[in-house]
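Below is input19.pdb, which holds PDB, C-alpha atoms.
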MODEL        1
ATOM      1  CA  MET A1158       0.000   0.000   0.000
ATOM      2  CA  ASN A1159       1.358   3.405  -0.876
ATOM      3  CA  LEU A1160       0.283   6.962  -1.481
ATOM      4  CA  THR A1161      -0.519   6.431  -5.145
ATOM      5  CA  THR A1162      -3.104   3.635  -4.929
ATOM      6  CA  ASN A1163      -6.581   4.808  -5.774
ATOM      7  CA  TYR A1164      -9.207   5.054  -3.051
ATOM      8  CA  PHE A1165     -10.964   1.860  -4.123
ATOM      9  CA  GLU A1166      -7.763  -0.152  -3.809
ATOM     10  CA  LEU A1167      -6.971   1.590  -0.565
ATOM     11  CA  PHE A1168     -10.236   0.377   0.973
ATOM     12  CA  GLY A1169     -10.161  -3.035  -0.724
ATOM     13  CA  LEU A1170     -13.227  -2.282  -2.833
ATOM     14  CA  PRO A1171     -13.856  -3.072  -6.502
ATOM     15  CA  VAL A1172     -13.688  -0.068  -8.828
ATOM     16  CA  SER A1173     -17.397   0.511  -9.210
ATOM     17  CA  TYR A1174     -19.975   3.205  -8.574
ATOM     18  CA  SER A1175     -22.082   1.060  -6.289
ATOM     19  CA  ILE A1176     -20.132   0.365  -3.151
ATOM     20  CA  ASP A1177     -20.521  -1.858  -0.151
ATOM     21  CA  ARG A1178     -20.864   0.702   2.624
ATOM     22  CA  ARG A1179     -20.269  -1.827   5.357
ATOM     23  CA  GLN A1180     -17.051  -2.949   3.754
ATOM     24  CA  LEU A1181     -16.038   0.696   3.405
ATOM     25  CA  SER A1182     -16.737   1.376   7.094
ATOM     26  CA  GLN A1183     -14.810  -1.698   8.184
ATOM     27  CA  SER A1184     -11.783  -0.888   6.025
ATOM     28  CA  TYR A1185     -11.944   2.706   7.159
ATOM     29  CA  ARG A1186     -11.794   1.751  10.812
ATOM     30  CA  SER A1187      -8.926  -0.667  10.364
ATOM     31  CA  LEU A1188      -6.932   1.758   8.196
ATOM     32  CA  GLN A1189      -7.537   4.530  10.705
ATOM     33  CA  GLN A1190      -6.082   2.327  13.423
ATOM     34  CA  GLN A1191      -3.206   1.245  11.231
ATOM     35  CA  PHE A1192      -2.096   4.807  10.532
ATOM     36  CA  HIS A1193      -3.139   6.479  13.738
ATOM     37  CA  PRO A1194      -0.509   9.087  14.712
ATOM     38  CA  ASP A1195      -0.326   7.686  18.260
ATOM     39  CA  ARG A1196       1.178   4.508  16.896
ATOM     40  CA  PHE A1197       3.982   6.477  15.269
ATOM     41  CA  ALA A1198       4.765   8.784  18.185
ATOM     42  CA  THR A1199       8.150   7.199  18.684
ATOM     43  CA  ALA A1200       8.795   6.292  15.040
ATOM     44  CA  ALA A1201      11.443   7.847  12.863
ATOM     45  CA  GLU A1202      10.704  11.265  11.383
ATOM     46  CA  GLN A1203      10.148   9.957   7.852
ATOM     47  CA  GLU A1204       7.925   7.116   8.949
ATOM     48  CA  ARG A1205       5.883   9.511  11.029
ATOM     49  CA  ARG A1206       5.437  11.831   8.072
ATOM     50  CA  ILE A1207       4.317   9.027   5.780
ATOM     51  CA  SER A1208       1.836   7.716   8.332
ATOM     52  CA  LEU A1209       0.376  11.211   8.659
ATOM     53  CA  GLN A1210      -0.026  11.461   4.906
ATOM     54  CA  MET A1211      -1.649   8.049   4.829
ATOM     55  CA  ALA A1212      -3.994   8.963   7.670
ATOM     56  CA  SER A1213      -5.176  12.045   5.841
ATOM     57  CA  ARG A1214      -5.488  10.059   2.616
ATOM     58  CA  VAL A1215      -7.649   7.510   4.414
ATOM     59  CA  ASN A1216      -9.913  10.282   5.705
ATOM     60  CA  GLU A1217     -10.168  11.949   2.321
ATOM     61  CA  GLY A1218     -10.831   8.624   0.596
ATOM     62  CA  ASN A1219     -13.595   7.792   3.038
ATOM     63  CA  ARG A1220     -15.184  11.179   2.461
ATOM     64  CA  VAL A1221     -15.024  10.847  -1.338
ATOM     65  CA  LEU A1222     -16.244   7.247  -1.552
ATOM     66  CA  ARG A1223     -19.101   7.860   0.859
ATOM     67  CA  ASP A1224     -20.472  10.835  -1.057
ATOM     68  CA  PRO A1225     -22.566   9.867  -4.117
ATOM     69  CA  ILE A1226     -21.417  12.873  -6.162
ATOM     70  CA  GLU A1227     -17.791  12.927  -5.092
ATOM     71  CA  ARG A1228     -17.552   9.200  -5.806
ATOM     72  CA  ALA A1229     -18.929   9.684  -9.322
ATOM     73  CA  ARG A1230     -16.557  12.564  -9.991
ATOM     74  CA  TYR A1231     -13.645  10.516  -8.704
ATOM     75  CA  LEU A1232     -14.457   7.602 -11.021
ATOM     76  CA  LEU A1233     -14.503   9.872 -14.051
ATOM     77  CA  GLU A1234     -11.299  11.580 -12.952
ATOM     78  CA  MET A1235      -9.686   8.147 -12.702
ATOM     79  CA  GLU A1236     -10.704   7.667 -16.349
ATOM     80  CA  GLY A1237      -8.926  10.905 -17.168
ATOM     81  CA  VAL A1238     -12.098  12.900 -17.829
ATOM     82  CA  ASP A1239     -11.812  16.641 -17.331
ATOM     83  CA  LEU A1240     -14.609  17.705 -15.021
ATOM     84  CA  GLY A1241     -13.902  21.426 -15.056
ATOM     85  CA  THR A1242     -17.541  22.309 -14.487
ATOM     86  CA  ASP A1243     -16.852  25.778 -13.175
ATOM     87  CA  GLY A1244     -18.153  28.328 -15.608
ATOM     88  CA  GLU A1245     -19.827  25.676 -17.703
ATOM     89  CA  THR A1246     -23.495  26.295 -18.386
ATOM     90  CA  LEU A1247     -26.219  23.709 -18.602
ATOM     91  CA  ARG A1248     -28.905  24.353 -21.224
ATOM     92  CA  ASP A1249     -31.272  21.454 -20.869
ATOM     93  CA  ASN A1250     -34.638  23.247 -20.887
ATOM     94  CA  GLN A1251     -36.764  20.388 -19.659
ATOM     95  CA  PHE A1252     -34.469  19.667 -16.759
ATOM     96  CA  LEU A1253     -34.115  23.331 -15.812
ATOM     97  CA  LEU A1254     -37.857  23.850 -15.949
ATOM     98  CA  GLU A1255     -38.258  21.094 -13.387
ATOM     99  CA  GLN A1256     -35.496  22.651 -11.311
ATOM    100  CA  ILE A1257     -37.368  25.945 -11.221
ATOM    101  CA  GLU A1258     -40.563  24.126 -10.261
ATOM    102  CA  LEU A1259     -38.753  22.313  -7.452
ATOM    103  CA  ARG A1260     -37.404  25.600  -6.146
ATOM    104  CA  GLU A1261     -40.895  27.081  -6.171
ATOM    105  CA  GLN A1262     -42.160  23.972  -4.410
ATOM    106  CA  LEU A1263     -39.450  24.305  -1.777
ATOM    107  CA  GLU A1264     -40.467  27.911  -1.086
ATOM    108  CA  GLU A1265     -44.095  26.863  -0.716
ATOM    109  CA  VAL A1266     -43.191  24.069   1.675
ATOM    110  CA  GLN A1267     -41.030  26.411   3.731
ATOM    111  CA  HIS A1268     -43.934  28.799   4.194
ATOM    112  CA  GLY A1269     -46.572  26.075   4.382
ATOM    113  CA  ALA A1270     -48.635  24.819   7.316
ATOM    114  CA  ASP A1271     -46.139  22.192   8.473
ATOM    115  CA  PRO A1272     -42.691  23.177   7.228
ATOM    116  CA  GLY A1273     -40.927  20.580   9.385
ATOM    117  CA  ALA A1274     -42.697  17.624   7.834
ATOM    118  CA  GLY A1275     -42.784  19.174   4.378
ATOM    119  CA  LEU A1276     -39.064  19.931   4.328
ATOM    120  CA  GLY A1277     -38.258  16.473   5.665
ATOM    121  CA  HIS A1278     -40.256  14.957   2.858
ATOM    122  CA  PHE A1279     -38.544  17.231   0.338
ATOM    123  CA  VAL A1280     -35.114  16.142   1.589
ATOM    124  CA  GLU A1281     -36.124  12.502   1.125
ATOM    125  CA  GLN A1282     -37.347  13.240  -2.380
ATOM    126  CA  MET A1283     -34.040  14.839  -3.305
ATOM    127  CA  GLU A1284     -32.124  11.888  -1.852
ATOM    128  CA  GLN A1285     -34.192   9.625  -4.024
ATOM    129  CA  ARG A1286     -33.504  11.739  -7.106
ATOM    130  CA  ILE A1287     -29.771  11.673  -6.404
ATOM    131  CA  ARG A1288     -29.971   7.895  -6.021
ATOM    132  CA  GLN A1289     -31.805   7.587  -9.333
ATOM    133  CA  GLN A1290     -29.163   9.673 -11.072
ATOM    134  CA  GLY A1291     -26.533   7.531  -9.372
ATOM    135  CA  GLU A1292     -28.071   4.381 -10.806
ATOM    136  CA  GLN A1293     -27.977   5.996 -14.204
ATOM    137  CA  PHE A1294     -24.377   6.997 -13.681
ATOM    138  CA  SER A1295     -23.303   3.475 -12.801
ATOM    139  CA  GLN A1296     -24.656   2.279 -16.157
ATOM    140  CA  GLN A1297     -23.083   5.149 -18.057
ATOM    141  CA  TRP A1298     -19.640   5.932 -16.805
ATOM    142  CA  GLN A1299     -17.783   3.189 -18.618
ATOM    143  CA  GLU A1300     -19.788   3.652 -21.816
ATOM    144  CA  SER A1301     -20.006   7.399 -22.299
ATOM    145  CA  SER A1302     -18.110   9.844 -20.153
ATOM    146  CA  ALA A1303     -19.967  12.764 -21.781
ATOM    147  CA  GLU A1304     -23.344  11.399 -20.674
ATOM    148  CA  ALA A1305     -21.950  10.437 -17.277
ATOM    149  CA  LYS A1306     -20.690  13.982 -16.827
ATOM    150  CA  LYS A1307     -24.169  15.357 -17.507
ATOM    151  CA  THR A1308     -25.591  12.960 -14.953
ATOM    152  CA  ILE A1309     -23.146  14.278 -12.371
ATOM    153  CA  GLN A1310     -24.246  17.809 -13.191
ATOM    154  CA  ARG A1311     -27.870  16.835 -12.619
ATOM    155  CA  MET A1312     -26.911  15.254  -9.315
ATOM    156  CA  GLN A1313     -25.291  18.524  -8.309
ATOM    157  CA  PHE A1314     -28.534  20.422  -8.930
ATOM    158  CA  PHE A1315     -30.494  17.982  -6.772
ATOM    159  CA  ASN A1316     -27.774  18.147  -4.167
ATOM    160  CA  ARG A1317     -28.071  21.902  -4.050
ATOM    161  CA  LEU A1318     -31.813  21.601  -3.377
ATOM    162  CA  HIS A1319     -31.076  18.952  -0.784
ATOM    163  CA  ARG A1320     -28.654  21.183   1.062
ATOM    164  CA  GLN A1321     -31.002  24.154   0.807
ATOM    165  CA  ALA A1322     -33.864  22.170   2.352
ATOM    166  CA  GLU A1323     -31.582  20.937   5.130
ATOM    167  CA  THR A1324     -30.510  24.494   5.901
ATOM    168  CA  MET A1325     -34.182  25.459   6.114
ATOM    169  CA  ILE A1326     -34.776  22.617   8.561
ATOM    170  CA  ASP A1327     -31.858  23.820  10.683
ATOM    171  CA  ASP A1328     -33.362  27.298  10.700
ATOM    172  CA  LEU A1329     -36.647  25.935  12.063
ATOM    173  CA  ILE A1330     -35.050  24.704  15.254
TER     174      ILE A1330
ATOM    175  CA  MET B  49     -17.559  37.772   1.396
ATOM    176  CA  ALA B  50     -18.857  41.305   1.038
ATOM    177  CA  TYR B  51     -21.007  42.144  -1.944
ATOM    178  CA  SER B  52     -20.446  45.398  -3.792
ATOM    179  CA  ASP B  53     -22.997  48.207  -3.397
ATOM    180  CA  LYS B  54     -24.268  47.610  -6.919
ATOM    181  CA  VAL B  55     -24.827  43.909  -6.254
ATOM    182  CA  MET B  56     -26.625  44.733  -3.011
ATOM    183  CA  ASP B  57     -28.795  47.287  -4.800
ATOM    184  CA  HIS B  58     -29.886  44.792  -7.477
ATOM    185  CA  TYR B  59     -30.250  42.053  -4.896
ATOM    186  CA  GLU B  60     -32.481  44.109  -2.608
ATOM    187  CA  ASN B  61     -34.380  45.826  -5.409
ATOM    188  CA  PRO B  62     -34.234  43.443  -8.330
ATOM    189  CA  ARG B  63     -35.507  45.004 -11.566
ATOM    190  CA  ASN B  64     -37.858  43.198 -13.886
ATOM    191  CA  VAL B  65     -38.601  40.118 -11.856
ATOM    192  CA  GLY B  66     -41.422  38.255 -13.494
ATOM    193  CA  VAL B  67     -42.659  35.800 -16.021
ATOM    194  CA  MET B  68     -43.794  36.156 -19.632
ATOM    195  CA  ASP B  69     -45.859  33.739 -21.680
ATOM    196  CA  LYS B  70     -43.182  31.433 -23.066
ATOM    197  CA  ASP B  71     -45.519  30.308 -25.856
ATOM    198  CA  ALA B  72     -46.126  33.829 -27.201
ATOM    199  CA  GLY B  73     -44.650  34.421 -30.660
ATOM    200  CA  ASP B  74     -42.854  37.618 -29.661
ATOM    201  CA  VAL B  75     -41.288  36.180 -26.498
ATOM    202  CA  GLY B  76     -37.937  34.473 -26.278
ATOM    203  CA  THR B  77     -37.056  32.382 -23.220
ATOM    204  CA  GLY B  78     -33.574  31.484 -22.111
ATOM    205  CA  MET B  79     -33.018  28.977 -19.362
ATOM    206  CA  VAL B  80     -29.586  28.186 -18.042
ATOM    207  CA  GLY B  81     -28.091  26.513 -15.001
ATOM    208  CA  ALA B  82     -24.668  26.448 -13.389
ATOM    209  CA  PRO B  83     -23.774  22.881 -12.423
ATOM    210  CA  ALA B  84     -20.986  24.020 -10.135
ATOM    211  CA  CYS B  85     -23.300  25.827  -7.718
ATOM    212  CA  GLY B  86     -26.780  24.726  -8.800
ATOM    213  CA  ASP B  87     -27.965  28.229  -9.684
ATOM    214  CA  VAL B  88     -30.833  28.388 -12.160
ATOM    215  CA  MET B  89     -31.697  31.423 -14.267
ATOM    216  CA  LYS B  90     -34.665  32.101 -16.530
ATOM    217  CA  LEU B  91     -34.529  35.199 -18.697
ATOM    218  CA  GLN B  92     -37.276  36.289 -21.089
ATOM    219  CA  ILE B  93     -37.425  38.987 -23.723
ATOM    220  CA  GLN B  94     -40.311  40.525 -25.630
ATOM    221  CA  VAL B  95     -39.323  41.680 -29.087
ATOM    222  CA  ASP B  96     -41.123  44.171 -31.367
ATOM    223  CA  GLN B  97     -41.502  43.966 -35.145
ATOM    224  CA  ASN B  98     -38.235  45.818 -35.728
ATOM    225  CA  GLY B  99     -36.228  43.303 -33.747
ATOM    226  CA  VAL B 100     -35.897  45.618 -30.756
ATOM    227  CA  ILE B 101     -36.275  44.258 -27.242
ATOM    228  CA  GLU B 102     -39.234  46.037 -25.656
ATOM    229  CA  ASP B 103     -39.295  44.305 -22.326
ATOM    230  CA  ALA B 104     -37.344  41.767 -20.323
ATOM    231  CA  LYS B 105     -38.109  39.676 -17.254
ATOM    232  CA  PHE B 106     -36.128  37.250 -15.168
ATOM    233  CA  LYS B 107     -36.432  34.723 -12.422
ATOM    234  CA  THR B 108     -33.236  33.521 -10.794
ATOM    235  CA  TYR B 109     -32.675  31.008  -8.058
ATOM    236  CA  GLY B 110     -29.171  31.581  -6.863
ATOM    237  CA  CYS B 111     -26.806  33.756  -4.917
ATOM    238  CA  GLY B 112     -26.844  37.539  -4.746
ATOM    239  CA  SER B 113     -24.384  37.860  -7.618
ATOM    240  CA  ALA B 114     -26.494  35.658  -9.887
ATOM    241  CA  ILE B 115     -29.617  37.658  -9.086
ATOM    242  CA  ALA B 116     -27.787  40.958  -9.596
ATOM    243  CA  SER B 117     -26.271  39.766 -12.902
ATOM    244  CA  SER B 118     -29.640  38.792 -14.332
ATOM    245  CA  SER B 119     -31.326  41.918 -12.988
ATOM    246  CA  LEU B 120     -28.663  44.094 -14.611
ATOM    247  CA  VAL B 121     -28.916  42.274 -17.942
ATOM    248  CA  THR B 122     -32.694  42.786 -18.124
ATOM    249  CA  GLU B 123     -32.072  46.506 -17.638
ATOM    250  CA  TRP B 124     -29.366  46.599 -20.272
ATOM    251  CA  VAL B 125     -31.200  44.732 -23.024
ATOM    252  CA  LYS B 126     -34.310  46.883 -23.048
ATOM    253  CA  GLY B 127     -34.257  49.062 -26.163
ATOM    254  CA  LYS B 128     -31.434  47.059 -27.712
ATOM    255  CA  THR B 129     -31.665  45.143 -30.971
ATOM    256  CA  LEU B 130     -31.201  41.381 -30.848
ATOM    257  CA  GLU B 131     -27.693  41.709 -32.306
ATOM    258  CA  GLU B 132     -26.733  44.289 -29.710
ATOM    259  CA  ALA B 133     -28.121  42.119 -26.921
ATOM    260  CA  GLN B 134     -26.058  39.169 -28.101
ATOM    261  CA  GLN B 135     -22.930  41.238 -27.830
ATOM    262  CA  ILE B 136     -23.253  41.721 -24.100
ATOM    263  CA  LYS B 137     -20.179  40.202 -22.546
ATOM    264  CA  ASN B 138     -19.949  38.617 -19.145
ATOM    265  CA  SER B 139     -16.893  40.757 -18.481
ATOM    266  CA  ASP B 140     -19.035  43.901 -18.878
ATOM    267  CA  ILE B 141     -21.482  42.545 -16.304
ATOM    268  CA  ALA B 142     -18.730  41.486 -13.925
ATOM    269  CA  GLU B 143     -17.071  44.885 -14.228
ATOM    270  CA  GLU B 144     -20.277  46.856 -13.723
ATOM    271  CA  LEU B 145     -21.139  44.861 -10.592
ATOM    272  CA  ALA B 146     -17.536  44.635  -9.378
ATOM    273  CA  LEU B 147     -17.861  40.864  -9.034
ATOM    274  CA  PRO B 148     -14.962  39.097  -7.337
ATOM    275  CA  PRO B 149     -13.250  36.315  -9.370
ATOM    276  CA  VAL B 150     -15.141  33.499  -7.594
ATOM    277  CA  LYS B 151     -18.432  35.069  -8.701
ATOM    278  CA  VAL B 152     -17.529  35.692 -12.320
ATOM    279  CA  HIS B 153     -19.383  32.511 -13.329
ATOM    280  CA  CYS B 154     -22.622  34.275 -12.315
ATOM    281  CA  SER B 155     -22.041  36.843 -15.036
ATOM    282  CA  VAL B 156     -21.253  34.036 -17.499
ATOM    283  CA  LEU B 157     -24.616  32.534 -16.629
ATOM    284  CA  ALA B 158     -26.376  35.862 -17.340
ATOM    285  CA  GLU B 159     -24.578  36.219 -20.691
ATOM    286  CA  ASP B 160     -25.567  32.670 -21.646
ATOM    287  CA  ALA B 161     -29.153  33.333 -20.536
ATOM    288  CA  ILE B 162     -29.626  36.354 -22.820
ATOM    289  CA  LYS B 163     -28.008  34.477 -25.729
ATOM    290  CA  ALA B 164     -30.352  31.535 -25.115
ATOM    291  CA  ALA B 165     -33.365  33.877 -25.002
ATOM    292  CA  VAL B 166     -32.411  35.494 -28.326
ATOM    293  CA  GLU B 167     -31.857  32.071 -29.910
ATOM    294  CA  ASP B 168     -35.235  30.869 -28.652
ATOM    295  CA  TYR B 169     -36.930  33.949 -30.117
ATOM    296  CA  GLN B 170     -35.143  33.509 -33.445
ATOM    297  CA  SER B 171     -36.018  29.841 -33.684
ATOM    298  CA  LYS B 172     -39.682  30.811 -33.271
ATOM    299  CA  GLN B 173     -39.453  33.269 -36.164
ATOM    300  CA  ASP B 174     -37.908  30.644 -38.445
ATOM    301  CA  LYS B 175     -40.918  28.401 -38.061
TER     302      LYS B 175
ENDMDL
END

As structure tokens - that is how I would like this structure written.
Amino acid sequence: MNLTTNYFELFGLPVSYSIDRRQLSQSYRSLQQQFHPDRFATAAEQERRISLQMASRVNEGNRVLRDPIERARYLLEMEGVDLGTDGETLRDNQFLLEQIELREQLEEVQHGADPGAGLGHFVEQMEQRIRQQGEQFSQQWQESSAEAKKTIQRMQFFNRLHRQAETMIDDLI
Amino acid sequence: MAYSDKVMDHYENPRNVGVMDKDAGDVGTGMVGAPACGDVMKLQIQVDQNGVIEDAKFKTYGCGSAIASSSLVTEWVKGKTLEEAQQIKNSDIAEELALPPVKVHCSVLAEDAIKAAVEDYQSKQDK
């Protein structure tokens, strides 16, 4: 094991979009123990530095593999796809129309009779939409990186709504 | 991050917020989204027989800079011909609003939105 293995190898997982979360958690815990700084307190300077780098790589890998969007982006990056989405504009009218409707819906729910329940339901809906896009992604990413990239973009829009609804829930308390 | 006075002004008093009938023959609708931040912008123009933009409306779901960029563009395009409107550059918007580098993509979104609206209008005329 070294600093250049990809995150899937690092956690002993197959390179795939769908991941075994339990396996990920188990590997994460054992890797965390393996590279815990306490175990290297008396080690040589270089060994200590490497273990620190590994520990932070383990944390970052866990974060990326756990997140449905980050994981998708990582897979495409492994394939050498440029994901420079910043400044790129999406012009899919049908999709954007639905996005506007969802934003209007979110505003209504926020100001509705039972915002707590409504927002909770909205969050679940967005999670489901992200999952659906994820399923699509897992079929696409090895076939067409262009289509897979668009699917990631759609996930990001749903994720934005998801985060927004969660912020609204936080504000209720 | 602090917004400039101009951004704050457009954000607090957005001009031309509203919706036009997207099916009307003299209306062009541009819809664009920024995948990086999830902002969504809808910009509509109403065009007279001489190809001059009479009115413009927008609806933007996004940050203050995205709202200000679209608000500013609706002000700018009124009275312009379609060609003139298409020449609006995101750098002009960014400069006018004093957008910081991390918010420049909001002005790109507004430029793309007006271009999309003009294209939508033109495609209706070709039919």

Requested in this report: For chain A, report every residue with an atom at most 12 Å from chain B (counting all atoms listed in the file), formatted as a ChimeraX atom specification.
Outcome: /A:1226,1240-1261,1263-1264,1306-1321

Query - Residues within 12 Å of (-11.1, 0.1, 5.2), counting only C-alpha atoms, listed as a ChimeraX atom specification - result: /A:1164-1170,1177-1192,1212,1214-1216,1218-1219,1222-1223

Query - Pick from B:Lys54, B:Lys137, B:Arg63, B:Lys128, whichever lies nearest to Ile101 of chain B using only C-alpha atoms - result: B:Lys128

Query raised in the report: Applied to the shown file, which residues does the PyMOL selection byres ((chain A and resi 1298) around 12) return, written as a PyMOL selection string?
Result: chain A and resi 1172-1175+1228-1238+1290-1297+1299-1309

Requested in this report: Please write the residues picked by the PyMOL selection byres ((chain B and resi 65-69) around 7) on this file as JSON, numbers by chain.
Outcome: {"B": [62, 63, 64, 70, 71, 72, 92, 105, 106, 107]}
